[in-house]
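Asker: Below is query-v9.tsv; it holds TSV, C-alpha atoms.
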```tsv
chain	number	residue	atom	x	y	z
A	92	MET	CA	148.06	89.09	81.49
A	93	VAL	CA	149.89	86.23	79.77
A	94	ASP	CA	150.97	88.61	77.02
A	95	TYR	CA	152.20	91.03	79.63
A	96	LEU	CA	154.27	88.36	81.33
A	97	GLU	CA	155.68	87.25	78.00
A	98	LEU	CA	156.63	90.76	76.88
A	99	LEU	CA	157.71	92.28	80.17
A	100	VAL	CA	159.21	89.36	82.05
A	101	PHE	CA	160.14	86.27	80.03
A	102	ASP	CA	161.52	87.94	76.90
A	103	PRO	CA	164.07	90.19	78.59
A	104	LEU	CA	164.94	87.74	81.40
A	105	PRO	CA	167.65	85.60	79.69
A	106	GLU	CA	169.69	88.59	78.52
A	107	HIS	CA	169.42	90.23	81.92
A	108	LEU	CA	170.52	87.11	83.78
A	109	MET	CA	173.38	86.56	81.36
A	110	LEU	CA	174.59	90.11	81.97
A	111	VAL	CA	174.31	89.81	85.77
A	112	PHE	CA	175.72	86.31	86.26
A	113	GLY	CA	178.21	86.55	83.41
A	114	SER	CA	179.70	89.74	84.81
A	115	LEU	CA	179.63	88.39	88.37
A	116	LEU	CA	181.46	85.21	87.36
A	117	ILE	CA	184.10	86.94	85.22
A	118	SER	CA	184.65	89.66	87.85
A	119	LEU	CA	185.22	87.05	90.54
A	120	LEU	CA	187.65	85.10	88.32
A	121	LEU	CA	189.63	88.28	87.66
A	122	ALA	CA	189.30	89.94	91.05
A	123	LEU	CA	190.39	87.09	93.33
A	124	PRO	CA	193.82	86.54	91.74
A	125	LEU	CA	194.36	90.31	91.64
A	126	ALA	CA	193.50	90.63	95.35
A	127	ILE	CA	196.03	87.88	96.14
A	128	LEU	CA	198.64	89.61	93.96
A	129	CYS	CA	198.00	92.81	95.95
A	130	LEU	CA	198.84	90.86	99.09
A	131	LYS	CA	202.21	89.83	97.63
A	132	ASN	CA	203.23	93.04	95.87
A	133	LYS	CA	202.86	96.41	97.61
A	134	HIS	CA	203.47	98.51	94.48
A	135	LEU	CA	200.77	96.63	92.61
A	136	LYS	CA	198.49	97.08	95.62
A	137	THR	CA	198.92	100.88	95.60
A	138	LEU	CA	198.24	100.93	91.88
A	139	ILE	CA	195.17	98.65	91.90
A	140	ILE	CA	193.52	100.09	95.02
A	141	GLY	CA	194.17	103.64	93.77
A	142	PHE	CA	192.61	102.79	90.42
A	143	ALA	CA	189.71	101.09	92.22
A	144	ASN	CA	188.98	104.22	94.26
A	145	LEU	CA	189.17	106.39	91.18
A	146	ILE	CA	186.80	104.28	89.05
A	147	GLN	CA	184.35	103.92	91.92
A	148	ALA	CA	183.85	107.68	92.04
A	149	ILE	CA	182.95	107.91	88.33
A	150	PRO	CA	179.18	107.69	87.63
A	151	SER	CA	178.15	104.30	86.19
A	152	PHE	CA	176.32	105.97	83.33
A	153	ALA	CA	179.55	107.68	82.26
A	154	VAL	CA	181.49	104.39	82.40
A	155	LEU	CA	178.80	102.68	80.36
A	156	ALA	CA	178.77	105.48	77.78
A	157	LEU	CA	182.57	105.67	77.50
A	158	VAL	CA	182.71	102.03	76.43
A	159	VAL	CA	180.71	102.82	73.28
A	160	PRO	CA	183.38	104.84	71.39
A	161	LEU	CA	185.91	102.12	72.31
A	162	LEU	CA	183.96	98.91	71.72
A	163	GLY	CA	180.71	99.91	70.06
A	164	ILE	CA	177.22	99.02	71.21
A	165	GLY	CA	175.63	95.72	72.19
A	166	PHE	CA	175.87	92.94	74.74
A	167	THR	CA	179.66	92.49	74.91
A	168	PRO	CA	180.55	96.19	75.43
A	169	ALA	CA	177.89	96.36	78.17
A	170	LEU	CA	179.32	93.24	79.80
A	171	PHE	CA	182.77	94.83	79.68
A	172	ALA	CA	181.53	98.06	81.31
A	173	ILE	CA	179.71	96.19	84.06
A	174	ILE	CA	182.76	94.03	84.81
A	175	LEU	CA	185.01	97.09	84.92
A	176	ARG	CA	182.66	98.78	87.36
A	177	MET	CA	182.05	95.79	89.68
A	178	MET	CA	185.49	94.19	89.79
A	179	LEU	CA	186.95	96.98	91.84
A	180	PRO	CA	184.71	96.76	94.93
A	181	ILE	CA	185.39	93.00	94.97
A	182	ILE	CA	189.18	93.43	94.75
A	183	LYS	CA	189.19	96.16	97.37
A	184	ASN	CA	187.00	94.34	99.86
A	185	THR	CA	188.79	91.02	99.38
A	186	TYR	CA	192.13	92.72	99.93
A	187	ILE	CA	190.85	94.44	103.08
A	188	GLY	CA	189.47	91.12	104.31
A	189	LEU	CA	192.72	89.27	103.64
A	190	THR	CA	194.84	91.88	105.42
A	191	THR	CA	192.73	92.75	108.46
A	192	ILE	CA	193.58	89.60	110.31
A	193	ASP	CA	194.78	89.32	113.88
A	194	THR	CA	198.59	89.00	113.82
A	195	LYS	CA	198.39	86.46	116.64
A	196	THR	CA	196.28	84.15	114.49
A	197	LEU	CA	198.93	84.35	111.77
A	198	GLU	CA	201.69	83.61	114.29
A	199	TYR	CA	199.83	80.58	115.63
A	200	ALA	CA	199.37	79.33	112.08
A	201	LYS	CA	203.09	79.72	111.39
A	202	GLY	CA	203.88	78.09	114.72
A	203	LEU	CA	201.82	75.08	113.70
A	204	GLY	CA	204.00	74.82	110.60
A	205	LEU	CA	201.44	75.85	108.00
A	206	THR	CA	202.85	76.86	104.62
A	207	ASP	CA	202.11	80.26	103.09
A	208	ARG	CA	199.65	78.61	100.78
A	209	GLN	CA	197.82	76.88	103.63
A	210	ILE	CA	197.73	80.13	105.59
A	211	LEU	CA	196.24	81.92	102.60
A	212	PHE	CA	193.51	79.39	101.88
A	213	GLN	CA	192.74	78.05	105.35
A	214	ILE	CA	193.33	81.08	107.58
A	215	ARG	CA	193.20	84.31	105.58
A	216	PHE	CA	190.32	83.42	103.26
A	217	PRO	CA	187.79	82.29	105.90
A	218	ASN	CA	188.65	85.42	107.90
A	219	ALA	CA	188.08	87.53	104.81
A	220	TYR	CA	184.56	86.20	104.16
A	221	PRO	CA	182.60	89.06	105.81
A	222	ALA	CA	184.47	91.76	103.85
A	223	PHE	CA	184.61	89.64	100.69
A	224	PHE	CA	180.88	88.94	100.76
A	225	SER	CA	179.95	92.55	101.43
A	226	GLY	CA	181.99	93.43	98.33
A	227	VAL	CA	180.31	90.70	96.28
A	228	LYS	CA	176.84	91.75	97.47
A	229	PHE	CA	177.57	95.36	96.54
A	230	ALA	CA	178.90	94.25	93.16
A	231	ALA	CA	175.93	91.96	92.45
A	232	VAL	CA	173.43	94.71	93.22
A	233	LEU	CA	175.48	97.07	91.05
A	234	ALA	CA	175.51	94.55	88.18
A	235	ASN	CA	171.74	94.19	88.41
A	236	SER	CA	171.35	97.96	88.37
A	237	LEU	CA	173.71	98.38	85.40
A	238	ALA	CA	172.17	95.47	83.49
A	239	ILE	CA	168.82	97.27	83.25
A	240	LEU	CA	170.57	100.52	82.31
A	241	SER	CA	172.76	98.93	79.65
A	242	ALA	CA	169.80	98.64	77.27
A	243	ILE	CA	170.69	102.25	76.46
A	244	ILE	CA	173.83	100.94	74.72
A	245	GLY	CA	171.90	98.15	73.02
A	246	ALA	CA	172.55	95.25	75.39
A	247	GLY	CA	168.90	94.14	75.56
A	248	GLY	CA	167.24	93.00	78.76
A	249	PHE	CA	164.63	94.74	80.88
A	250	GLY	CA	165.86	98.21	80.01
A	251	VAL	CA	164.58	97.89	76.42
A	252	ASN	CA	160.97	98.06	77.65
A	253	VAL	CA	161.85	100.72	80.21
A	254	PHE	CA	163.26	103.11	77.62
A	255	LYS	CA	160.38	102.37	75.25
A	256	TYR	CA	157.76	103.16	77.89
A	257	ILE	CA	159.60	106.24	79.18
A	258	HIS	CA	159.18	107.75	75.71
A	259	GLN	CA	155.49	106.86	75.76
A	260	TYR	CA	155.25	107.91	79.42
A	261	ASN	CA	153.31	104.70	80.11
A	262	ILE	CA	153.67	104.50	83.88
A	263	GLN	CA	151.79	101.25	84.40
A	264	SER	CA	153.94	99.31	81.93
A	265	LEU	CA	157.05	100.96	83.36
A	266	ILE	CA	156.23	99.72	86.84
A	267	TYR	CA	155.53	96.20	85.50
A	268	SER	CA	158.87	96.19	83.67
A	269	ILE	CA	160.95	97.07	86.71
A	270	ILE	CA	159.32	94.81	89.30
A	271	PRO	CA	161.21	91.69	88.11
A	272	VAL	CA	164.53	93.56	88.37
A	273	ILE	CA	163.81	94.62	91.96
A	274	LEU	CA	162.85	91.02	92.83
A	275	ILE	CA	166.09	89.77	91.25
A	276	ALA	CA	168.07	92.26	93.38
A	277	VAL	CA	166.40	91.04	96.57
A	278	GLY	CA	166.92	87.41	95.48
A	279	LEU	CA	170.64	88.01	94.83
A	280	GLU	CA	171.14	89.64	98.21
A	281	ILE	CA	169.34	86.85	100.10
A	282	THR	CA	171.21	84.12	98.19
A	283	LEU	CA	174.56	85.71	98.97
A	284	ILE	CA	173.69	86.17	102.66
A	285	LEU	CA	172.75	82.47	102.88
A	286	LEU	CA	175.88	81.43	100.97
A	287	GLU	CA	178.06	83.44	103.33
A	288	LYS	CA	176.42	81.79	106.36
A	289	LYS	CA	176.95	78.35	104.85
A	290	LEU	CA	180.61	78.94	103.97
A	291	THR	CA	181.71	80.65	107.18
A	292	PRO	CA	183.29	78.11	109.58
A	293	VAL	CA	181.35	77.77	112.85
A	294	PRO	CA	184.00	79.37	115.12
A	295	LEU	CA	184.00	82.52	112.98
A	296	GLN	CA	180.23	82.91	112.87
A	297	LYS	CA	178.68	85.81	114.69
A	298	SER	CA	176.11	84.44	117.11
B	1137	MET	CA	191.62	117.58	70.93
B	1138	ILE	CA	191.04	120.94	72.61
B	1139	GLU	CA	189.12	121.97	69.51
B	1140	THR	CA	186.78	118.97	69.79
B	1141	PHE	CA	186.31	119.74	73.45
B	1142	GLN	CA	185.41	123.38	72.72
B	1143	MET	CA	183.09	122.41	69.90
B	1144	VAL	CA	181.15	119.92	72.00
B	1145	TRP	CA	181.17	122.27	74.99
B	1146	ASN	CA	179.54	125.01	72.91
B	1147	SER	CA	177.18	122.91	70.80
B	1148	GLN	CA	175.84	120.99	73.81
B	1149	ASP	CA	175.89	124.05	76.06
B	1150	LEU	CA	177.84	122.10	78.67
B	1151	GLY	CA	178.32	125.21	80.81
B	1152	THR	CA	174.59	125.50	81.48
B	1153	LYS	CA	174.29	121.73	81.85
B	1154	THR	CA	177.11	121.69	84.39
B	1155	ILE	CA	175.30	124.34	86.44
B	1156	GLU	CA	172.04	122.34	86.24
B	1157	HIS	CA	173.95	119.23	87.23
B	1158	LEU	CA	175.62	120.85	90.23
B	1159	GLU	CA	172.39	122.51	91.34
B	1160	MET	CA	170.64	119.12	91.57
B	1161	PHE	CA	173.76	117.70	93.20
B	1162	PHE	CA	173.91	120.34	95.93
B	1163	TRP	CA	170.19	120.28	96.79
B	1164	ALA	CA	170.20	116.50	96.92
B	1165	LEU	CA	173.34	116.40	99.06
B	1166	LEU	CA	172.08	119.13	101.40
B	1167	PHE	CA	168.84	117.29	102.15
B	1168	SER	CA	170.65	113.94	102.39
B	1169	ILE	CA	173.02	115.34	105.00
B	1170	LEU	CA	170.19	116.95	106.95
B	1171	PHE	CA	167.89	113.91	106.97
B	1172	GLY	CA	170.75	111.42	107.27
B	1173	ILE	CA	172.20	113.04	110.39
B	1174	LEU	CA	168.73	113.49	111.91
B	1175	ILE	CA	167.95	109.80	111.39
B	1176	GLY	CA	171.36	108.89	112.84
B	1177	ILE	CA	170.70	110.95	115.99
B	1178	LEU	CA	167.14	109.63	116.28
B	1179	ILE	CA	168.18	105.98	116.25
B	1180	TYR	CA	171.01	106.80	118.65
B	1181	LYS	CA	168.36	108.10	121.07
B	1182	LYS	CA	165.95	105.24	120.42
B	1183	LYS	CA	168.23	102.28	119.87
B	1184	GLN	CA	165.37	99.81	119.55
B	1185	LEU	CA	164.59	101.52	116.22
B	1186	ALA	CA	168.09	101.00	114.84
B	1187	ASP	CA	167.55	97.51	113.38
B	1188	ILE	CA	164.32	98.28	111.58
B	1189	VAL	CA	165.54	101.62	110.21
B	1190	PHE	CA	168.75	100.12	108.85
B	1191	GLN	CA	166.82	97.23	107.34
B	1192	VAL	CA	164.48	99.57	105.46
B	1193	LEU	CA	167.39	101.73	104.26
B	1194	ASN	CA	169.24	98.58	103.19
B	1195	ILE	CA	166.32	97.47	101.03
B	1196	ILE	CA	166.26	100.87	99.28
B	1197	GLU	CA	169.95	100.34	98.48
B	1198	LEU	CA	169.08	97.12	96.58
B	1199	ILE	CA	166.72	98.82	94.13
B	1200	PRO	CA	168.40	99.53	90.77
B	1201	THR	CA	168.79	103.27	90.16
B	1202	LEU	CA	166.65	103.31	87.04
B	1203	ALA	CA	163.93	101.31	88.83
B	1204	LEU	CA	163.87	103.72	91.78
B	1205	LEU	CA	163.57	106.69	89.41
B	1206	ILE	CA	160.60	104.97	87.76
B	1207	LEU	CA	158.95	104.12	91.08
B	1208	LEU	CA	159.09	107.83	91.87
B	1209	LEU	CA	157.55	108.91	88.54
B	1210	PRO	CA	153.88	108.55	89.58
B	1211	LEU	CA	154.58	110.69	92.65
B	1212	LEU	CA	156.94	113.31	91.25
B	1213	GLY	CA	156.66	113.20	87.46
B	1214	LEU	CA	159.64	113.41	85.11
B	1215	GLY	CA	162.66	115.66	85.61
B	1216	SER	CA	164.75	116.78	88.55
B	1217	GLY	CA	162.14	115.96	91.25
B	1218	PRO	CA	162.45	112.16	91.18
B	1219	THR	CA	166.20	112.49	90.53
B	1220	ILE	CA	166.80	114.51	93.69
B	1221	ALA	CA	164.45	112.28	95.70
B	1222	ALA	CA	166.29	109.15	94.53
B	1223	CYS	CA	169.67	110.69	95.47
B	1224	ILE	CA	168.37	111.40	98.96
B	1225	LEU	CA	166.89	107.92	99.40
B	1226	TYR	CA	170.17	106.24	98.45
B	1227	SER	CA	172.29	108.60	100.56
B	1228	LEU	CA	170.34	108.17	103.79
B	1229	LEU	CA	171.91	104.82	104.62
B	1230	PRO	CA	175.61	105.79	104.48
B	1231	ILE	CA	175.09	109.07	106.34
B	1232	ALA	CA	172.68	107.72	109.00
B	1233	ARG	CA	174.77	104.59	109.57
B	1234	ASN	CA	178.03	106.51	109.93
B	1235	THR	CA	176.42	109.13	112.20
B	1236	TYR	CA	175.07	106.36	114.43
B	1237	THR	CA	178.41	104.50	114.48
B	1238	GLY	CA	180.25	107.74	115.25
B	1239	LEU	CA	177.91	108.60	118.14
B	1240	VAL	CA	178.07	105.19	119.82
B	1241	THR	CA	181.79	104.57	119.43
B	1242	VAL	CA	183.05	107.62	121.32
B	1243	ASN	CA	185.89	106.74	123.70
B	1244	THR	CA	184.38	106.03	127.15
B	1245	GLN	CA	187.17	108.04	128.84
B	1246	TYR	CA	185.86	111.25	127.32
B	1247	LEU	CA	182.31	110.38	128.32
B	1248	GLN	CA	183.34	109.66	131.91
B	1249	ALA	CA	185.28	112.92	132.08
B	1250	ALA	CA	182.27	114.81	130.72
B	1251	GLN	CA	179.96	113.18	133.25
B	1252	GLY	CA	182.51	113.89	135.95
B	1253	ILE	CA	182.37	117.64	135.32
B	1254	GLY	CA	178.57	117.44	135.43
B	1255	LEU	CA	177.53	117.81	131.79
B	1256	SER	CA	173.95	116.78	131.02
B	1257	SER	CA	173.36	114.08	128.41
B	1258	LYS	CA	172.22	116.74	125.94
B	1259	GLU	CA	175.44	118.70	126.47
B	1260	ILE	CA	177.43	115.50	126.09
B	1261	LEU	CA	175.69	114.78	122.77
B	1262	LEU	CA	176.31	118.28	121.42
B	1263	ASN	CA	179.79	118.95	122.81
B	1264	ILE	CA	181.38	115.52	122.94
B	1265	ARG	CA	179.63	112.92	120.85
B	1266	ILE	CA	178.82	114.94	117.73
B	1267	PRO	CA	182.29	116.52	117.38
B	1268	TYR	CA	183.90	113.11	117.78
B	1269	ALA	CA	181.45	111.54	115.34
B	1270	LEU	CA	182.30	114.17	112.72
B	1271	PRO	CA	184.98	112.21	110.81
B	1272	HIS	CA	182.58	109.25	110.61
B	1273	ILE	CA	179.79	111.54	109.42
B	1274	ILE	CA	182.05	113.03	106.75
B	1275	GLY	CA	182.97	109.48	105.71
B	1276	GLY	CA	179.27	108.80	105.18
B	1277	ILE	CA	178.82	112.05	103.27
B	1278	ARG	CA	181.73	111.05	101.04
B	1279	ILE	CA	179.92	107.85	100.06
B	1280	ALA	CA	176.76	109.91	99.53
B	1281	ILE	CA	178.67	112.27	97.21
B	1282	VAL	CA	179.62	109.36	94.95
B	1283	PHE	CA	176.03	108.00	94.98
B	1284	THR	CA	174.55	111.43	94.31
B	1285	MET	CA	176.89	112.13	91.38
B	1286	GLY	CA	175.91	108.80	89.87
B	1287	VAL	CA	172.16	109.29	90.25
B	1288	VAL	CA	172.15	112.92	89.06
B	1289	THR	CA	174.02	111.81	85.94
B	1290	LEU	CA	171.44	109.10	85.30
B	1291	GLY	CA	168.68	111.66	85.77
B	1292	GLY	CA	169.49	112.67	82.19
B	1293	VAL	CA	167.45	109.70	80.93
B	1294	ILE	CA	164.29	110.89	82.70
B	1295	ALA	CA	164.59	114.46	81.44
B	1296	ALA	CA	166.25	115.94	84.52
B	1297	GLY	CA	168.76	117.83	82.39
B	1298	GLY	CA	172.36	118.10	83.55
B	1299	LEU	CA	175.37	116.36	82.05
B	1300	GLY	CA	173.59	113.01	81.81
B	1301	GLN	CA	171.40	114.55	79.17
B	1302	SER	CA	174.30	115.30	76.85
B	1303	ILE	CA	175.70	111.78	77.41
B	1304	GLN	CA	172.30	110.49	76.30
B	1305	THR	CA	172.29	112.83	73.30
B	1306	GLY	CA	175.69	111.46	72.32
B	1307	LEU	CA	174.43	107.87	72.61
B	1308	GLN	CA	171.23	108.59	70.69
B	1309	PHE	CA	172.92	110.29	67.75
B	1310	ASN	CA	175.95	108.02	67.88
B	1311	ARG	CA	178.37	110.91	68.37
B	1312	PRO	CA	181.59	109.63	70.02
B	1313	ASP	CA	182.86	113.19	70.52
B	1314	ILE	CA	179.82	114.20	72.61
B	1315	ILE	CA	179.92	110.92	74.57
B	1316	ILE	CA	183.62	111.22	75.35
B	1317	VAL	CA	183.64	114.90	76.31
B	1318	SER	CA	180.50	114.73	78.50
B	1319	SER	CA	181.43	111.47	80.20
B	1320	ILE	CA	184.98	112.49	80.92
B	1321	TRP	CA	183.88	115.89	82.21
B	1322	VAL	CA	181.35	114.28	84.56
B	1323	GLY	CA	184.02	111.77	85.62
B	1324	ILE	CA	186.48	114.58	86.42
B	1325	LEU	CA	183.85	116.42	88.50
B	1326	ALA	CA	183.02	113.22	90.41
B	1327	VAL	CA	186.66	112.41	91.12
B	1328	LEU	CA	187.37	115.98	92.26
B	1329	PHE	CA	184.43	116.06	94.70
B	1330	ASP	CA	185.41	112.67	96.08
B	1331	PHE	CA	189.01	113.88	96.47
B	1332	PHE	CA	188.02	117.02	98.41
B	1333	ALA	CA	185.68	115.06	100.67
B	1334	GLY	CA	188.55	112.64	101.30
B	1335	VAL	CA	190.86	115.51	102.29
B	1336	VAL	CA	188.25	116.88	104.75
B	1337	GLU	CA	187.69	113.39	106.19
B	1338	ARG	CA	191.41	112.81	106.77
B	1339	THR	CA	191.96	116.27	108.27
B	1340	LEU	CA	189.13	115.80	110.77
B	1341	THR	CA	190.26	112.28	111.67
B	1342	ARG	CA	193.77	113.52	112.35
B	1343	ARG	CA	192.46	116.41	114.48
B	1344	ASN	CA	190.43	113.98	116.59
B	1345	HIS	CA	193.41	111.71	117.15
B	1346	LEU	CA	195.56	114.63	118.23
B	1347	GLY	CA	192.99	116.29	120.44
```
Translate the structure described by the file into structure tokens.
Answerer:
Amino acid sequence: MVDYLELLVFDPLPEHLMLVFGSLLISLLLALPLAILCLKNKHLKTLIIGFANLIQAIPSFAVLALVVPLLGIGFTPALFAIILRMMLPIIKNTYIGLTTIDTKTLEYAKGLGLTDRQILFQIRFPNAYPAFFSGVKFAAVLANSLAILSAIIGAGGFGVNVFKYIHQYNIQSLIYSIIPVILIAVGLEITLILLEKKLTPVPLQKS
Amino acid sequence: MIETFQMVWNSQDLGTKTIEHLEMFFWALLFSILFGILIGILIYKKKQLADIVFQVLNIIELIPTLALLILLLPLLGLGSGPTIAACILYSLLPIARNTYTGLVTVNTQYLQAAQGIGLSSKEILLNIRIPYALPHIIGGIRIAIVFTMGVVTLGGVIAAGGLGQSIQTGLQFNRPDIIIVSSIWVGILAVLFDFFAGVVERTLTRRNHLG
């Protein structure tokens, strides 16, 4: 049992978590400024949202594979593919969140003498939380899903065992190897739901 | 470039693989639409079920694609069976949720008019609610199309055939030409299907707003 845990859980865990959290962090750092830029520049918005819709339709496996001729195999190319795939739902949802705001609220804010910057950070952002977080949740679950798959391009993690045991058709070991990944997915979702609740100002919370 | 494309197309028999791919895609989508709409109508009729059904479907959505395929292996073996089943499981949520939303958000004016001329609740469901829910339902199907394309492609790694298989061949033998041609071809198919579904969705939405 201890050997099982070692081989199937603890060995692949660090690489998996680095893929998931690394891609989540970098995607957020890239996506948030881009979403704000979309708010300021309509041409850029059309371009970025159009590109986002296009990439979202392409199967993840194809995106992951296409990175190989460009960047080779291994951890970094996989990270790049995952970021490419998950950034777009975050940008799109953040943009939708920032723009679907009651015009009255914006007028009140201007009436109170708030600067554009204050309106962005204190009015638009809190209002965007529900859409933003649903984008981040979707992206996190996607990253987790792609992280296990990316072993096929040599990124390590849980997928290494999965592909090994698929070839041997060892169902029991296969099930053991995927349980941690499912638990991580559930953990990510719950953490993000709690984080959203904590960050949302009381007046905006749904009862 | 066209030469490379032709060479890969012939050597990997991409024509046959495309047909395999689309066959799985259509069966999966057909059953997803059928079950998804049925679940949507069921929870519309029994609203106390809505929360629990959506919660279960939400949990399925969290499971990584490869993990869901593996969970289905003991039941359905390798190949297209678990692939199609996984497509359906993922597609239920968007279709059922949009069907439900479409059915409950019909303009009350239409409902009052329908009641006024004496339609029964069954007639209202069939003649008023479902037609007005149609753009929503198509919206859900559009999401399902993207999911299904993704899962069918991944089915290649559990011996389901289709275009995912040639992507995997390319990766295994380190052949950039096979990887590029198969991936781009699958990407083009996915984008085209999404585009057509988008056109249908917009047309129906416009018709509803006019009528």
Asker: So the first atom is atom CA of A:Val253 and the second is atom CA of A:Glu106; what is the distance between them in Å, to one decimal place?
Answerer: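 These two atoms are separated by 14.5 Å.
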Asker: Based on all atoms listed in the file, which of the residues in chain A come within 9 Å of chain B? I want them as a PyMOL selection string.
Answerer: chain A and resi 145-154+156-157+159-161+229+232-233+235-237+239-240+243-244+250+253-254+257+262+265-266+268-270+272-274+276-277+280
Asker: Measuring atom to atom with only C-alpha atoms, identify which of A:Ile182, A:Val227, A:Ile127, A:Ile214 is nearest to A:Thr194.
Answerer: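 The shortest atom-to-atom distance to A:Thr194 comes from A:Ile214.
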Asker: Can you work out the spacing between atom CA of A:Met178 and atom CA of A:Val293 in Å, to one decimal?
Answerer: 28.6 Å
Asker: With a distance cut-off of 12 Å and all atoms listed in the file, select the neighbouring residues of A:Pro124, excluding the residue or stretch itself and same-chain residues fewer than 3 positions from it, and output the selection as a compact mmCIF listing (two decimals) with C-alpha atoms, in the coordinates of the input.
Answerer:
```
# COMPACT_ATOMS: atom_id res chain seq x y z
CA ILE A 117 184.10 86.94 85.22
CA SER A 118 184.65 89.66 87.85
CA LEU A 119 185.22 87.05 90.54
CA LEU A 120 187.65 85.10 88.32
CA LEU A 121 189.63 88.28 87.66
CA ILE A 127 196.03 87.88 96.14
CA LEU A 128 198.64 89.61 93.96
CA CYS A 129 198.00 92.81 95.95
CA LEU A 130 198.84 90.86 99.09
CA LYS A 131 202.21 89.83 97.63
CA MET A 178 185.49 94.19 89.79
CA ILE A 181 185.39 93.00 94.97
CA ILE A 182 189.18 93.43 94.75
CA THR A 185 188.79 91.02 99.38
CA TYR A 186 192.13 92.72 99.93
```
Asker: Would you give the centre and edge lengths, in Å to one decimal, of a box along x, y and z around the listed atoms of stretch 133-147 of chain A, with 5 Å added to each side, as JSON?
Answerer:
```
{"center_x": 193.9, "center_y": 101.4, "center_z": 93.3, "size_x": 29.1, "size_y": 20.0, "size_z": 18.6}
```
Asker: Point out the residue among A:Ala230, A:Asn261, A:Asn184, A:Asn218 with the least atom-to-atom distance to A:Thr196, counting only C-alpha atoms.
Answerer: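 Of A:Ala230, A:Asn261, A:Asn184, A:Asn218, the one nearest A:Thr196 is A:Asn218, counting only C-alpha atoms.
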Asker: Report, in Å to a single decimal, how far apart atom CA of A:Val158 and atom CA of B:Gly1217 are.
Answerer: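 It comes out at 28.9 Å.
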Asker: Around (166.5, 106.7, 99.5) in the file's frame, which residues reach within 10 Å when counting all atoms listed in the file? Return as a list of chain:residue names?
Answerer: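 The residues that fall inside the cut-off are B:Ser1168, B:Val1192, B:Leu1193, B:Asn1194, B:Ile1195, B:Ile1196, B:Glu1197, B:Ile1199, B:Leu1204, B:Ile1220, B:Ala1221, B:Ala1222, B:Cys1223, B:Ile1224, B:Leu1225, B:Tyr1226, B:Ser1227, B:Leu1228, B:Leu1229.
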Asker: Please, could N, CA and C atoms be added to stretch 229-240 of chain A and the result written as a short mmCIF file (atom, residue, chain, number, x, y, z; two decimals), in the frame of the given file?
Answerer:
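The new file result.cif reads:
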```cif
data_model
loop_
_atom_site.label_atom_id
_atom_site.label_comp_id
_atom_site.auth_asym_id
_atom_site.auth_seq_id
_atom_site.Cartn_x
_atom_site.Cartn_y
_atom_site.Cartn_z
N PHE A 229 177.59 94.03 97.15
CA PHE A 229 177.57 95.36 96.54
C PHE A 229 177.70 95.25 95.03
N ALA A 230 178.64 94.40 94.58
CA ALA A 230 178.90 94.25 93.16
C ALA A 230 177.71 93.62 92.44
N ALA A 231 177.06 92.63 93.08
CA ALA A 231 175.93 91.96 92.45
C ALA A 231 174.77 92.92 92.27
N VAL A 232 174.52 93.73 93.30
CA VAL A 232 173.43 94.71 93.22
C VAL A 232 173.75 95.75 92.15
N LEU A 233 175.03 96.12 92.07
CA LEU A 233 175.48 97.07 91.05
C LEU A 233 175.30 96.49 89.64
N ALA A 234 175.64 95.21 89.48
CA ALA A 234 175.51 94.55 88.18
C ALA A 234 174.05 94.53 87.74
N ASN A 235 173.16 94.23 88.69
CA ASN A 235 171.74 94.19 88.41
C ASN A 235 171.24 95.57 87.97
N SER A 236 171.74 96.60 88.67
CA SER A 236 171.35 97.96 88.37
C SER A 236 171.86 98.39 86.98
N LEU A 237 173.12 98.00 86.69
CA LEU A 237 173.71 98.38 85.40
C LEU A 237 173.12 97.57 84.25
N ALA A 238 172.70 96.33 84.55
CA ALA A 238 172.17 95.47 83.49
C ALA A 238 170.89 96.08 82.90
N ILE A 239 170.05 96.66 83.76
CA ILE A 239 168.82 97.27 83.25
C ILE A 239 169.16 98.56 82.49
N LEU A 240 170.19 99.28 82.97
CA LEU A 240 170.57 100.52 82.31
C LEU A 240 171.23 100.28 80.96
#
```
